[in-house]
$ cat data_8.cif   # mmCIF, C-alpha atoms
data_start
#
loop_
_atom_site.label_atom_id
_atom_site.label_comp_id
_atom_site.auth_asym_id
_atom_site.auth_seq_id
_atom_site.Cartn_x
_atom_site.Cartn_y
_atom_site.Cartn_z
CA MET A 3 -1.57 27.57 7.58
CA GLU A 4 0.04 25.59 4.77
CA LEU A 5 2.97 23.22 5.25
CA LYS A 6 5.35 22.46 2.40
CA ALA A 7 6.46 18.82 2.15
CA LEU A 8 9.27 16.86 0.52
CA ASP A 9 8.46 13.21 -0.32
CA LEU A 10 11.57 11.02 -0.62
CA PHE A 11 11.28 7.64 -2.40
CA CYS A 12 7.87 8.97 -3.47
CA GLY A 13 6.91 6.17 -5.87
CA MET A 14 3.59 6.87 -7.55
CA GLY A 15 2.50 9.12 -4.68
CA GLY A 16 0.44 7.20 -2.11
CA LEU A 17 1.99 9.05 0.81
CA SER A 18 1.70 12.45 -0.90
CA TRP A 19 -1.92 11.76 -1.91
CA GLY A 20 -2.75 11.22 1.76
CA LEU A 21 -0.89 14.39 2.78
CA LYS A 22 -2.73 16.42 0.16
CA ALA A 23 -6.08 15.17 1.47
CA THR A 24 -5.44 17.00 4.76
CA GLY A 25 -6.00 20.28 2.94
CA VAL A 26 -3.04 21.75 4.87
CA ILE A 27 0.04 19.89 3.64
CA GLN A 28 1.20 20.70 0.12
CA PRO A 29 3.60 18.16 -1.45
CA LEU A 30 6.07 20.55 -3.07
CA TRP A 31 9.01 18.27 -3.80
CA ALA A 32 9.13 14.57 -4.72
CA VAL A 33 12.10 12.30 -5.41
CA ASP A 34 12.42 8.80 -6.85
CA ASN A 35 14.57 7.06 -9.45
CA TYR A 36 11.85 4.88 -11.01
CA LYS A 37 10.54 6.78 -14.01
CA PRO A 38 7.18 4.96 -14.52
CA ALA A 39 6.22 5.78 -10.91
CA THR A 40 7.29 9.43 -11.03
CA THR A 41 5.34 9.86 -14.28
CA ILE A 42 2.14 8.81 -12.48
CA TYR A 43 3.09 11.04 -9.52
CA GLN A 44 3.53 14.10 -11.73
CA CYS A 45 0.24 13.42 -13.51
CA ASN A 46 -1.67 13.48 -10.22
CA LEU A 47 0.32 16.14 -8.35
CA PRO A 48 1.28 18.55 -11.14
CA ASN A 49 2.30 21.36 -8.77
CA ALA A 50 5.11 19.31 -7.21
CA ASN A 51 8.72 19.53 -8.35
CA VAL A 52 9.41 15.88 -9.22
CA LEU A 53 13.07 14.86 -9.47
CA ASN A 54 14.01 11.53 -11.05
CA ILE A 55 17.32 10.99 -9.24
CA ASP A 56 19.16 8.35 -7.21
CA ILE A 57 19.75 9.67 -3.69
CA SER A 58 22.17 6.91 -2.79
CA LYS A 59 24.74 9.21 -4.42
CA LYS A 60 26.17 12.10 -2.37
CA ALA A 61 26.26 14.51 -5.32
CA ASN A 62 22.54 14.01 -5.93
CA ILE A 63 21.74 14.59 -2.25
CA ARG A 64 23.75 17.81 -2.25
CA ASP A 65 21.97 18.99 -5.41
CA LEU A 66 18.56 18.16 -3.90
CA ILE A 67 19.28 20.00 -0.65
CA THR A 68 20.56 23.06 -2.53
CA LYS A 69 17.41 23.23 -4.67
CA VAL A 70 15.06 22.83 -1.70
CA GLN A 71 16.90 25.38 0.44
CA PHE A 72 16.99 27.85 -2.45
CA SER A 73 13.18 27.66 -2.62
CA LYS A 74 12.91 28.50 1.13
CA GLY A 75 12.98 24.93 2.42
CA VAL A 76 10.19 22.63 3.58
CA ASP A 77 8.22 22.14 6.79
CA LEU A 78 7.84 18.37 6.53
CA VAL A 79 9.99 15.57 5.12
CA VAL A 80 8.29 12.21 4.50
CA GLY A 81 9.18 8.97 2.80
CA GLY A 82 9.83 5.27 2.97
CA SER A 83 13.04 3.84 1.56
CA PRO A 84 12.94 0.49 -0.33
CA CYS A 85 12.00 -2.37 1.99
CA ARG A 86 13.52 -5.29 0.08
CA GLY A 87 16.45 -5.55 2.51
CA PHE A 88 14.14 -5.78 5.52
CA THR A 89 11.12 -7.74 4.30
CA GLN A 90 10.61 -11.43 5.13
CA ILE A 91 10.08 -12.36 1.47
CA ARG A 92 13.79 -12.90 0.76
CA ASN A 93 14.12 -16.61 -0.12
CA GLY A 94 16.95 -17.14 2.35
CA GLN A 95 19.07 -14.22 1.16
CA ASP A 96 21.22 -12.20 3.59
CA THR A 97 19.12 -9.15 4.49
CA HIS A 98 21.86 -7.27 6.36
CA SER A 99 24.10 -6.85 3.32
CA ASP A 100 21.45 -5.37 1.02
CA PRO A 101 22.75 -1.96 -0.17
CA HIS A 102 19.21 -0.52 -0.06
CA ASN A 103 19.34 -0.69 3.74
CA ARG A 104 21.62 2.36 3.81
CA LEU A 105 18.92 4.47 2.18
CA ALA A 106 17.21 4.78 5.56
CA ILE A 107 20.34 6.58 6.79
CA LYS A 108 20.21 8.81 3.70
CA PHE A 109 16.68 9.80 4.70
CA ALA A 110 17.94 10.78 8.17
CA GLU A 111 20.84 12.76 6.70
CA ILE A 112 18.49 14.76 4.47
CA VAL A 113 16.16 15.47 7.40
CA ARG A 114 19.07 16.81 9.47
CA GLU A 115 20.27 19.00 6.60
CA LEU A 116 16.86 20.51 5.81
CA ASN A 117 15.82 20.83 9.46
CA PRO A 118 12.02 20.72 8.95
CA LEU A 119 9.41 21.09 11.70
CA ALA A 120 8.63 17.38 11.51
CA PHE A 121 9.23 14.20 9.55
CA ILE A 122 7.32 10.96 8.84
CA TYR A 123 9.13 7.79 7.79
CA GLU A 124 7.57 4.39 7.03
CA ASN A 125 8.82 0.92 6.24
CA VAL A 126 8.13 -2.74 7.01
CA PRO A 127 8.07 -3.74 10.71
CA GLN A 128 11.19 -5.90 10.24
CA LEU A 129 13.24 -2.69 10.04
CA LYS A 130 13.17 -2.62 13.87
CA ASN A 131 15.28 -5.80 13.97
CA SER A 132 17.85 -4.67 11.43
CA ARG A 133 21.35 -3.43 12.16
CA VAL A 134 20.55 -0.08 10.60
CA PHE A 135 17.61 0.85 12.87
CA GLN A 136 19.44 2.16 15.95
CA PRO A 137 21.97 4.20 13.89
CA PHE A 138 18.98 5.52 11.93
CA LEU A 139 17.26 6.70 15.13
CA ARG A 140 20.44 8.22 16.53
CA LYS A 141 21.02 10.15 13.32
CA LEU A 142 17.47 11.56 13.46
CA LYS A 143 17.56 12.49 17.13
CA GLY A 144 20.99 14.09 17.09
CA ARG A 145 21.80 16.22 20.12
CA ASN A 146 18.39 17.55 21.12
CA SER A 147 17.34 17.97 17.46
CA TYR A 148 14.15 15.88 17.25
CA ARG A 149 11.90 14.04 19.66
CA VAL A 150 11.24 10.74 17.92
CA THR A 151 8.76 7.91 18.40
CA TYR A 152 7.87 4.84 16.37
CA GLU A 153 4.89 2.49 16.14
CA VAL A 154 3.78 -0.51 14.08
CA VAL A 155 0.28 0.09 12.71
CA GLU A 156 -2.17 -1.90 10.58
CA ALA A 157 -3.82 -0.06 7.67
CA ALA A 158 -7.06 -2.09 8.04
CA ASN A 159 -7.56 -0.37 11.42
CA PHE A 160 -7.99 2.94 9.58
CA GLY A 161 -10.69 1.83 7.11
CA ASN A 162 -8.36 0.41 4.46
CA PRO A 163 -9.87 -2.59 2.60
CA SER A 164 -6.54 -4.45 2.50
CA ARG A 165 -4.14 -5.44 5.24
CA ARG A 166 -0.82 -3.64 5.39
CA THR A 167 1.30 -3.61 8.53
CA ARG A 168 3.83 -0.78 8.57
CA LEU A 169 6.37 0.74 10.92
CA PHE A 170 6.08 4.54 11.22
CA VAL A 171 8.81 6.73 12.69
CA VAL A 172 7.69 10.29 13.43
CA GLY A 173 9.73 13.21 14.75
CA LEU A 174 9.00 16.74 15.97
CA LYS A 175 11.56 19.50 16.45
CA TRP A 176 12.90 19.35 20.00
CA ASP A 177 11.87 22.91 20.86
CA ILE A 178 8.20 22.17 20.07
CA GLY A 179 8.31 20.51 23.46
CA ARG A 180 6.41 17.28 22.98
CA VAL A 181 6.99 13.68 21.92
CA PRO A 182 4.90 12.86 18.84
CA VAL A 183 2.02 10.39 19.17
CA ILE A 184 1.25 7.95 16.35
CA PRO A 185 -2.42 6.89 16.06
CA THR A 186 -3.30 3.20 15.87
CA GLY A 187 -6.89 3.51 14.58
CA LEU A 188 -9.20 0.82 15.95
CA ASN A 189 -6.15 -0.98 17.33
CA ILE A 190 -7.47 -4.45 16.47
CA PRO A 191 -4.66 -7.07 16.66
CA HIS A 192 -3.22 -7.77 13.22
CA HIS A 193 -3.91 -11.52 13.27
CA GLN A 194 -7.68 -10.91 13.52
CA PHE A 195 -7.69 -9.58 9.95
CA TRP A 196 -6.73 -12.99 8.58
CA LEU A 197 -9.26 -15.60 7.46
CA ASN A 198 -10.57 -18.77 9.09
CA ARG A 199 -10.76 -21.92 6.98
CA ASP A 200 -13.31 -24.57 7.87
CA GLU A 201 -14.31 -27.88 6.28
CA GLN A 202 -17.81 -29.08 7.00
CA ASN A 203 -19.43 -32.07 5.27
CA GLY A 204 -16.81 -31.96 2.55
CA LYS A 205 -17.44 -28.26 1.86
CA ILE A 206 -14.71 -25.65 2.34
CA VAL A 207 -15.77 -22.32 3.85
CA TYR A 208 -13.76 -19.17 4.58
CA CYS A 209 -14.83 -16.35 6.89
CA PRO A 210 -13.25 -13.33 8.60
CA LYS A 211 -11.39 -14.07 11.84
CA LEU A 212 -12.59 -10.83 13.45
CA GLU A 213 -14.34 -11.10 16.79
CA GLU A 214 -17.46 -9.17 17.72
CA PRO A 215 -18.35 -6.35 17.56
CA TRP A 216 -15.76 -5.91 14.80
CA CYS A 217 -17.11 -8.64 12.52
CA SER A 218 -20.59 -7.07 12.44
CA ARG A 219 -19.05 -3.68 11.74
CA LEU A 220 -17.03 -5.16 8.89
CA LEU A 221 -20.22 -6.46 7.27
CA ASP A 222 -22.01 -3.11 7.63
CA PRO A 223 -21.66 -1.21 4.31
CA ASN A 224 -22.35 2.10 6.06
CA ASP A 225 -19.46 1.76 8.51
CA PRO A 226 -16.33 3.38 6.99
CA HIS A 227 -14.01 2.27 9.80
CA LEU A 228 -13.86 -1.38 8.69
CA VAL A 229 -14.19 -2.04 4.95
CA ASN A 230 -14.28 -5.42 3.23
CA VAL A 231 -13.36 -6.31 -0.36
CA GLU A 232 -16.89 -6.28 -1.74
CA GLN A 233 -17.62 -2.89 -0.16
CA ALA A 234 -14.46 -1.59 -1.84
CA ILE A 235 -14.77 -2.79 -5.46
CA SER A 236 -18.25 -4.19 -6.23
CA ASP A 237 -19.39 -1.04 -8.09
CA LEU A 238 -16.49 -1.05 -10.56
CA PRO A 239 -17.00 -2.07 -14.20
CA ILE A 240 -17.76 -5.73 -14.84
CA LEU A 241 -14.79 -7.28 -16.64
CA GLU A 242 -14.44 -11.01 -17.16
CA ALA A 243 -11.44 -11.39 -19.45
CA LYS A 244 -8.63 -9.50 -21.17
CA THR A 245 -9.83 -5.98 -21.96
CA THR A 246 -8.99 -3.07 -24.21
CA GLU A 247 -7.35 -0.19 -22.39
CA VAL A 248 -10.17 2.35 -22.12
CA SER A 249 -12.05 4.16 -19.36
CA HIS A 250 -15.37 2.71 -18.18
CA PRO A 251 -18.43 4.02 -16.32
CA TYR A 252 -19.38 2.43 -12.99
CA ALA A 253 -21.38 -0.79 -13.04
CA THR A 254 -23.77 0.23 -10.24
CA PRO A 255 -24.55 3.16 -7.94
CA PRO A 256 -22.37 3.23 -4.79
CA GLN A 257 -23.03 0.18 -2.63
CA SER A 258 -21.19 1.36 0.50
CA ALA A 259 -19.94 4.42 2.34
CA TYR A 260 -16.44 3.59 1.12
CA GLN A 261 -17.54 3.61 -2.53
CA LYS A 262 -19.30 6.95 -2.12
CA TRP A 263 -16.09 8.40 -0.69
CA ALA A 264 -13.82 6.77 -3.28
CA ARG A 265 -15.73 8.11 -6.30
CA GLN A 266 -15.00 11.77 -5.53
CA ASP A 267 -17.67 12.84 -8.08
CA VAL A 268 -15.85 10.99 -10.89
CA GLN A 269 -18.19 9.66 -13.60
CA GLU A 270 -15.91 7.03 -15.14
CA THR A 271 -12.57 5.55 -14.19
CA ASP A 272 -9.37 4.43 -15.87
CA GLY A 273 -7.02 1.62 -14.90
CA HIS A 274 -9.21 -1.23 -16.17
CA ALA A 275 -6.59 -3.31 -17.97
CA VAL A 276 -6.88 -7.09 -17.48
CA PRO A 277 -3.99 -9.37 -18.49
CA ARG A 278 -4.40 -12.60 -20.41
CA ILE A 279 -4.96 -15.68 -18.27
CA ARG A 280 -4.09 -19.28 -19.14
CA PRO A 281 -7.03 -21.67 -19.69
CA GLU A 282 -5.69 -24.06 -17.01
CA THR A 283 -5.43 -21.18 -14.52
CA ARG A 284 -9.04 -20.24 -15.22
CA GLU A 285 -10.05 -23.86 -14.72
CA ARG A 286 -8.31 -23.98 -11.35
CA LEU A 287 -9.85 -20.71 -10.20
CA LYS A 288 -13.33 -22.03 -10.97
CA ALA A 289 -12.67 -24.87 -8.51
CA ILE A 290 -11.53 -22.56 -5.68
CA VAL A 291 -14.07 -20.92 -3.37
CA PRO A 292 -13.71 -17.20 -2.48
CA GLY A 293 -11.00 -16.84 0.16
CA GLY A 294 -9.35 -20.10 -0.86
CA ASN A 295 -6.11 -20.98 -2.61
CA TRP A 296 -4.25 -23.90 -4.20
CA ARG A 297 -4.84 -26.09 -1.12
CA ASP A 298 -8.53 -26.30 -2.04
CA LEU A 299 -7.95 -27.73 -5.52
CA PRO A 300 -9.25 -31.22 -6.31
CA GLU A 301 -6.40 -33.62 -7.04
CA PRO A 302 -6.79 -33.68 -10.87
CA LEU A 303 -6.10 -29.91 -10.93
CA THR A 304 -2.95 -30.12 -8.80
CA TYR A 305 -0.94 -31.43 -11.76
CA LYS A 306 0.89 -29.07 -14.11
CA ILE A 307 -1.37 -30.31 -16.87
CA PRO A 308 -4.83 -30.89 -15.38
CA ASP A 309 -5.83 -34.56 -15.19
CA ASP A 310 -2.33 -35.69 -16.24
CA PRO A 311 -0.35 -37.14 -13.28
CA THR A 312 2.68 -37.73 -15.54
CA SER A 313 3.14 -33.94 -15.88
CA GLY A 314 4.12 -33.63 -12.21
CA GLN A 315 2.78 -31.55 -9.34
CA LEU A 316 2.28 -27.80 -9.48
CA ARG A 317 5.34 -25.87 -8.42
CA ARG A 318 3.27 -23.07 -6.94
CA SER A 319 2.56 -24.30 -3.43
CA HIS A 320 2.94 -21.15 -1.31
CA TYR A 321 -0.03 -19.65 0.52
CA SER A 322 -0.85 -17.00 -2.10
CA ALA A 323 -0.82 -19.40 -5.06
CA TYR A 324 -4.20 -19.27 -6.84
CA ARG A 325 -5.59 -17.26 -3.92
CA ARG A 326 -9.05 -15.71 -4.43
CA LEU A 327 -10.28 -12.72 -2.48
CA LEU A 328 -13.02 -13.19 0.09
CA PRO A 329 -15.71 -10.54 -0.60
CA GLU A 330 -16.79 -10.22 3.04
CA GLY A 331 -13.20 -10.10 4.38
CA HIS A 332 -10.14 -7.89 4.03
CA SER A 333 -7.81 -8.30 1.10
CA PRO A 334 -4.35 -9.66 1.90
CA THR A 335 -1.49 -7.19 1.57
CA VAL A 336 -1.48 -5.88 -1.99
CA GLN A 337 1.76 -6.78 -3.78
CA GLY A 338 3.31 -5.44 -6.94
CA HIS A 339 2.46 -8.35 -9.23
CA ALA A 340 -0.72 -9.51 -10.92
CA ASP A 341 -1.17 -12.92 -9.30
CA PHE A 342 -0.90 -12.10 -5.58
CA ALA A 343 -4.69 -12.68 -5.52
CA TYR A 344 -7.56 -13.16 -7.97
CA HIS A 345 -11.06 -11.69 -8.15
CA TYR A 346 -13.67 -13.31 -5.89
CA LYS A 347 -16.37 -13.42 -8.60
CA TYR A 348 -14.57 -13.61 -11.95
CA GLU A 349 -11.78 -15.97 -12.97
CA ARG A 350 -9.19 -13.26 -13.65
CA ALA A 351 -6.49 -11.08 -12.12
CA LEU A 352 -7.43 -7.78 -10.52
CA THR A 353 -7.34 -4.57 -12.51
CA PRO A 354 -5.11 -1.65 -11.45
CA ARG A 355 -8.24 0.30 -10.44
CA GLU A 356 -9.44 -2.55 -8.23
CA LEU A 357 -6.00 -2.73 -6.64
CA ALA A 358 -6.00 1.04 -6.13
CA ARG A 359 -9.40 0.82 -4.39
CA LEU A 360 -8.04 -1.93 -2.12
CA MET A 361 -5.08 0.33 -1.30
CA GLY A 362 -7.18 3.35 -0.34
CA PHE A 363 -6.71 5.48 -3.48
CA THR A 364 -9.68 7.60 -4.55
CA ASP A 365 -10.88 7.35 -8.14
CA ASP A 366 -9.67 10.84 -9.05
CA PHE A 367 -6.13 9.48 -8.78
CA ARG A 368 -5.36 8.74 -12.42
CA LEU A 369 -3.67 5.45 -13.25
CA GLY A 370 -3.61 5.41 -17.05
CA HIS A 371 -3.99 2.16 -18.97
CA GLU A 372 -0.67 0.36 -18.47
CA TYR A 373 -0.70 -2.77 -16.37
CA HIS A 374 2.52 -4.15 -14.93
CA SER A 375 4.30 -0.89 -14.05
CA VAL A 376 1.11 0.52 -12.48
CA VAL A 377 0.47 -2.66 -10.49
CA GLN A 378 4.07 -2.56 -9.25
CA GLY A 379 3.63 1.08 -8.22
CA ILE A 380 0.42 0.33 -6.31
CA GLY A 381 2.05 -2.62 -4.53
CA ASN A 382 4.92 -0.38 -3.38
CA ALA A 383 2.69 2.51 -2.28
CA VAL A 384 1.66 3.69 1.17
CA PRO A 385 -2.15 3.48 1.50
CA PRO A 386 -3.31 7.13 1.27
CA ILE A 387 -5.94 6.47 3.99
CA LEU A 388 -3.15 5.50 6.37
CA ALA A 389 -0.94 8.42 5.30
CA TYR A 390 -3.83 10.84 5.84
CA SER A 391 -4.50 9.55 9.36
CA ILE A 392 -0.85 9.77 10.43
CA ALA A 393 -0.45 13.24 8.91
CA ASN A 394 -3.72 14.55 10.34
CA SER A 395 -2.69 13.44 13.81
CA LEU A 396 0.66 15.18 13.40
CA LEU A 397 -1.06 18.38 12.31
CA ALA A 398 -3.21 18.34 15.44
CA GLN A 399 -0.07 18.00 17.56
CA LEU A 400 1.67 20.85 15.72
CA ASP A 401 -1.41 23.04 16.10
#

$ encode --input "data_8.cif" --output "C-alpha cells"
Amino acid sequence: MELKALDLFCGMGGLSWGLKATGVIQPLWAVDNYKPATTIYQCNLPNANVLNIDISKKANIRDLITKVQFSKGVDLVVGGSPCRGFTQIRNGQDTHSDPHNRLAIKFAEIVRELNPLAFIYENVPQLKNSRVFQPFLRKLKGRNSYRVTYEVVEAANFGNPSRRTRLFVVGLKWDIGRVPVIPTGLNIPHHQFWLNRDEQNGKIVYCPKLEEPWCSRLLDPNDPHLVNVEQAISDLPILEAKTTEVSHPYATPPQSAYQKWARQDVQETDGHAVPRIRPETRERLKAIVPGGNWRDLPEPLTYKIPDDPTSGQLRRSHYSAYRRLLPEGHSPTVQGHADFAYHYKYERALTPRELARLMGFTDDFRLGHEYHSVVQGIGNAVPPILAYSIANSLLAQLD
C-alpha cells in the first residue's frame, strides 16, 4: 500500500521528510510561497510536484485543487500554517488580527474539497486559545465528514534532541469508524526538559531538570528515546570560526545511537557555514558556562563595550541572550535565527547542519551552503522524528 500526500505550507520539508521515512507515504504535492524553502524541498524530494504559490488567494486554491484532482487526488493532506499570529513571541502585538490566522481555515477548506482518507495539521499550542480554532474544527468535521482529535505533544518525548511543543490535529474519514489517536511518546511533562541553575561556592552549574529514571536514560548514548545535545552533534566537523562553504567529513566515528541513525551511510555532510562573530560576543561567550546565558556574565562584560560603564548596559536581557547549549541536556526550541543559542564548546553560532541534527533531520537531507535562509527554514520546520511518529501511528490505525 502506498498513500499519496499533499503537504501545504511545506517549508523546506520537515513534515514530508518524516512522512517519507514511513516507507508507505509518498509526498506527491507540496505548496509554499517562500522560494528558498521550496528550493531545498525540491532538492530533497525531487519526485514531488512543488508549487510556489500563495494559497491565501482563492484563485490559487482553485488551481491547486484542479491539478491535484486531475492527477487522481491524494490520500493524505498535511501541513502547518504560519504560527506568527498564535505564538507568544509577539512583543505585545494583537494576535487576533493577524491575517495569517485565516490560513488555518484555508487548510480546512482544501481538506474538505480534496476529501482524503486522513489529514494531519500542526501548529503552536496557543492556536487552541485563538478565535479561529473552533471554526477551524467545525470546518474540518463538517456533517459527519471527519472524526477529529487534537493533542499537544513534545518532540523531545520522541527522541528529538531539541524541545518543540506542538499542537497536532488529526482526522480520519467518518466511515472508517474510529476516532484517531495521537501518540505522546514518553509523555514526560514539558517543564522537565528545561534546565536547573544552581550556584554553589560562587560557581554556576546547569543540569537537566529530568527526574529519574529519565535523567539516566538521557545520559545513556545507546538510548535513542531521549537524546541530549552532545549525543546529537559531537561527531560533526570541528569548526571554531567563520568557515568557507564546503562539505566536510565527520570528526569522529558515531558516538551515540542517534548519530549512527542520523548518518544514513553518508560519508561527509554539507551545511557547515559559520557566520562572523564580533570579538566582544566571543569574549562574553568565553565567560558563560554551558547551559548559561547573559545572567552569568561578570559585571565588566554586561556593558555594551566591555569594561566601559559609560557605554551603558547591554540591551539584550531576555532569557536566550548569549545562551550556550548544555551538552548533557536538550537544546531549547530551535528558532530561525543564528543567535537563539551558541555552541557549548566553541565560541560561535551553530551551523545549519548542527541545527538540522538538533531538529531530527538525517544527514542525507541536503542543506547546501547558504546560512540565513537555511537556518530560517530549519527553525520553521516540523521535526521529522515527530512527523514520522505521528504518521506511523496514523498508518497503524488506517491498517

$ closest_residue --input "data_8.cif" --among "A:Tyr344, A:Trp176, A:Phe367, A:Trp196" --to "Tyr208 (chain A)" --atoms "only C-alpha atoms"
A:Trp196

$ closest_residue --input "data_8.cif" --among "A:Arg199, A:Gly314, A:Gln399, A:Leu221" --to "Gly179 (chain A)" --atoms "only C-alpha atoms"
A:Gln399

$ residues_near_point --input "data_8.cif" --point "(-7.8, 12.5, 3.4)" --cutoff "9 Å" --atoms "only C-alpha atoms" --output "number ranges by chain"
A: 19-25, 386-391, 394

$ residues_around --input "data_8.cif" --residues "Leu47 (chain A)" --least-positions-apart "6" --cutoff "9 Å" --atoms "only C-alpha atoms" --output "PyMOL selection string"
chain A and resi 15+18-19+29-30

$ closest_residue --input "data_8.cif" --among "A:Pro292, A:Pro38, A:Val171, A:Ala32" --to "Tyr373 (chain A)" --atoms "only C-alpha atoms"
A:Pro38

$ residues_around --input "data_8.cif" --residues "Trp263 (chain A)" --least-positions-apart "3" --cutoff "10 Å" --atoms "all atoms listed in the file" --output "list in words"
Pro226, Pro256, Ser258, Ala259, Tyr260, Gln266, Asp267, Thr364 and Asp365 of chain A

$ residues_around --input "data_8.cif" --residues "Glu4 (chain A)" --least-positions-apart "6" --cutoff "8 Å" --atoms "all atoms listed in the file" --output "list in words"
Val26, Ile27 and Gln28 of chain A

$ write_last_selection --input "data_8.cif" --atoms "C-alpha atoms" --output "PDB file, keeping the file's coordinate frame"
ATOM      1  CA  VAL A  26      -3.040  21.750   4.870  1.00  0.00           C
ATOM      2  CA  ILE A  27       0.040  19.890   3.640  1.00  0.00           C
ATOM      3  CA  GLN A  28       1.200  20.700   0.120  1.00  0.00           C
TER       4      GLN A  28
END

$ closest_residue --input "data_8.cif" --among "A:Asn54, A:Gln136, A:Gln233, A:Asn189" --to "Val155 (chain A)" --atoms "all atoms listed in the file"
A:Asn189

$ residues_around --input "data_8.cif" --residues "Leu396 (chain A)" --least-positions-apart "2" --cutoff "10 Å" --atoms "only C-alpha atoms" --output "PyMOL selection string"
chain A and resi 120-122+172-174+182-185+390-394+398-401

$ write_last_selection --input "data_8.cif" --atoms "C-alpha atoms" --output "mmCIF file, in the coordinates of the input"
data_model
loop_
_atom_site.group_PDB
_atom_site.id
_atom_site.type_symbol
_atom_site.label_atom_id
_atom_site.label_comp_id
_atom_site.auth_asym_id
_atom_site.auth_seq_id
_atom_site.Cartn_x
_atom_site.Cartn_y
_atom_site.Cartn_z
ATOM 1 C CA ALA A 120 8.630 17.380 11.510
ATOM 2 C CA PHE A 121 9.230 14.200 9.550
ATOM 3 C CA ILE A 122 7.320 10.960 8.840
ATOM 4 C CA VAL A 172 7.690 10.290 13.430
ATOM 5 C CA GLY A 173 9.730 13.210 14.750
ATOM 6 C CA LEU A 174 9.000 16.740 15.970
ATOM 7 C CA PRO A 182 4.900 12.860 18.840
ATOM 8 C CA VAL A 183 2.020 10.390 19.170
ATOM 9 C CA ILE A 184 1.250 7.950 16.350
ATOM 10 C CA PRO A 185 -2.420 6.890 16.060
ATOM 11 C CA TYR A 390 -3.830 10.840 5.840
ATOM 12 C CA SER A 391 -4.500 9.550 9.360
ATOM 13 C CA ILE A 392 -0.850 9.770 10.430
ATOM 14 C CA ALA A 393 -0.450 13.240 8.910
ATOM 15 C CA ASN A 394 -3.720 14.550 10.340
ATOM 16 C CA ALA A 398 -3.210 18.340 15.440
ATOM 17 C CA GLN A 399 -0.070 18.000 17.560
ATOM 18 C CA LEU A 400 1.670 20.850 15.720
ATOM 19 C CA ASP A 401 -1.410 23.040 16.100
#

$ atom_distance --input "data_8.cif" --atom1 "CA of His250 (chain A)" --atom2 "CA of Leu238 (chain A)"
8.6 Å

$ resolve_selection --input "data_8.cif" --expression "the PyMOL selection byres ((chain A and resi 220) around 12)" --output "ChimeraX atom specification"
/A:158-159,161-163,194-195,209-219,221-234,258-260,329-332

$ closest_residue --input "data_8.cif" --among "A:Pro334, A:Pro277, A:Pro239, A:Gly370" --to "Glu156 (chain A)" --atoms "all atoms listed in the file"
A:Pro334

$ atom_distance --input "data_8.cif" --atom1 "CA of Gln315 (chain A)" --atom2 "CA of Asn295 (chain A)"
15.4 Å

$ atom_distance --input "data_8.cif" --atom1 "CA of Thr151 (chain A)" --atom2 "CA of Phe170 (chain A)"
8.4 Å

$ axis_aligned_box --input "data_8.cif" --around "region 295-305 of chain A" --padding-each-side "4 Å" --output "lines of an AutoDock Vina configuration file"
center_x = -5.1
center_y = -27.3
center_z = -6.4
size_x = 16.3
size_y = 20.7
size_z = 18.6

$ residues_near_point --input "data_8.cif" --point "(10.5, 9.8, -2.5)" --cutoff "7 Å" --atoms "all atoms listed in the file" --output "VMD selection string"
chain A and resid 9 to 13 32 to 34 81

$ residues_around --input "data_8.cif" --residues "Ser375 (chain A)" --least-positions-apart "6" --cutoff "10 Å" --atoms "all atoms listed in the file" --output "VMD selection string"
chain A and resid 36 to 39 338 to 339 354 381

$ closest_residue --input "data_8.cif" --among "A:Gly293, A:Thr304, A:Val384, A:Lys143" --to "Pro84 (chain A)" --atoms "all atoms listed in the file"
A:Val384

$ resolve_selection --input "data_8.cif" --expression "the PyMOL selection byres ((chain A and resi 340) around 7)" --output "list in words"
Gly338, His339, Asp341, Phe342, Ala351, Leu352 and Val377 of chain A

$ resolve_selection --input "data_8.cif" --expression "the PyMOL selection byres ((chain A and resi 110) around 12)" --output "PyMOL selection string"
chain A and resi 10+63+79-83+104-109+111-118+120-123+134-144+147-148+150+171-173

$ build_atoms --input "data_8.cif" --residues "region 12-21 of chain A" --atoms "N, CA and C atoms" --output "PDB file, in the frame of the given file"
ATOM      1  N   CYS A  12       9.306   8.649  -3.380  1.00  0.00           N
ATOM      2  CA  CYS A  12       7.870   8.970  -3.470  1.00  0.00           C
ATOM      3  C   CYS A  12       7.050   7.919  -4.202  1.00  0.00           C
ATOM      4  N   GLY A  13       7.687   7.113  -5.085  1.00  0.00           N
ATOM      5  CA  GLY A  13       6.910   6.170  -5.870  1.00  0.00           C
ATOM      6  C   GLY A  13       5.844   6.874  -6.683  1.00  0.00           C
ATOM      7  N   MET A  14       4.672   6.261  -6.781  1.00  0.00           N
ATOM      8  CA  MET A  14       3.590   6.870  -7.550  1.00  0.00           C
ATOM      9  C   MET A  14       2.801   7.887  -6.746  1.00  0.00           C
ATOM     10  N   GLY A  15       3.078   8.008  -5.424  1.00  0.00           N
ATOM     11  CA  GLY A  15       2.500   9.120  -4.680  1.00  0.00           C
ATOM     12  C   GLY A  15       1.460   8.772  -3.637  1.00  0.00           C
ATOM     13  N   GLY A  16       1.426   7.558  -3.128  1.00  0.00           N
ATOM     14  CA  GLY A  16       0.440   7.200  -2.110  1.00  0.00           C
ATOM     15  C   GLY A  16       0.551   8.053  -0.858  1.00  0.00           C
ATOM     16  N   LEU A  17       1.773   8.246  -0.382  1.00  0.00           N
ATOM     17  CA  LEU A  17       1.990   9.050   0.810  1.00  0.00           C
ATOM     18  C   LEU A  17       1.613  10.509   0.559  1.00  0.00           C
ATOM     19  N   SER A  18       2.038  11.054  -0.571  1.00  0.00           N
ATOM     20  CA  SER A  18       1.700  12.450  -0.900  1.00  0.00           C
ATOM     21  C   SER A  18       0.204  12.649  -1.114  1.00  0.00           C
ATOM     22  N   TRP A  19      -0.471  11.651  -1.682  1.00  0.00           N
ATOM     23  CA  TRP A  19      -1.920  11.760  -1.910  1.00  0.00           C
ATOM     24  C   TRP A  19      -2.656  11.848  -0.575  1.00  0.00           C
ATOM     25  N   GLY A  20      -2.170  11.123   0.417  1.00  0.00           N
ATOM     26  CA  GLY A  20      -2.750  11.220   1.760  1.00  0.00           C
ATOM     27  C   GLY A  20      -2.459  12.547   2.409  1.00  0.00           C
ATOM     28  N   LEU A  21      -1.236  13.078   2.220  1.00  0.00           N
ATOM     29  CA  LEU A  21      -0.890  14.390   2.780  1.00  0.00           C
ATOM     30  C   LEU A  21      -1.759  15.477   2.166  1.00  0.00           C
TER      31      LEU A  21
END
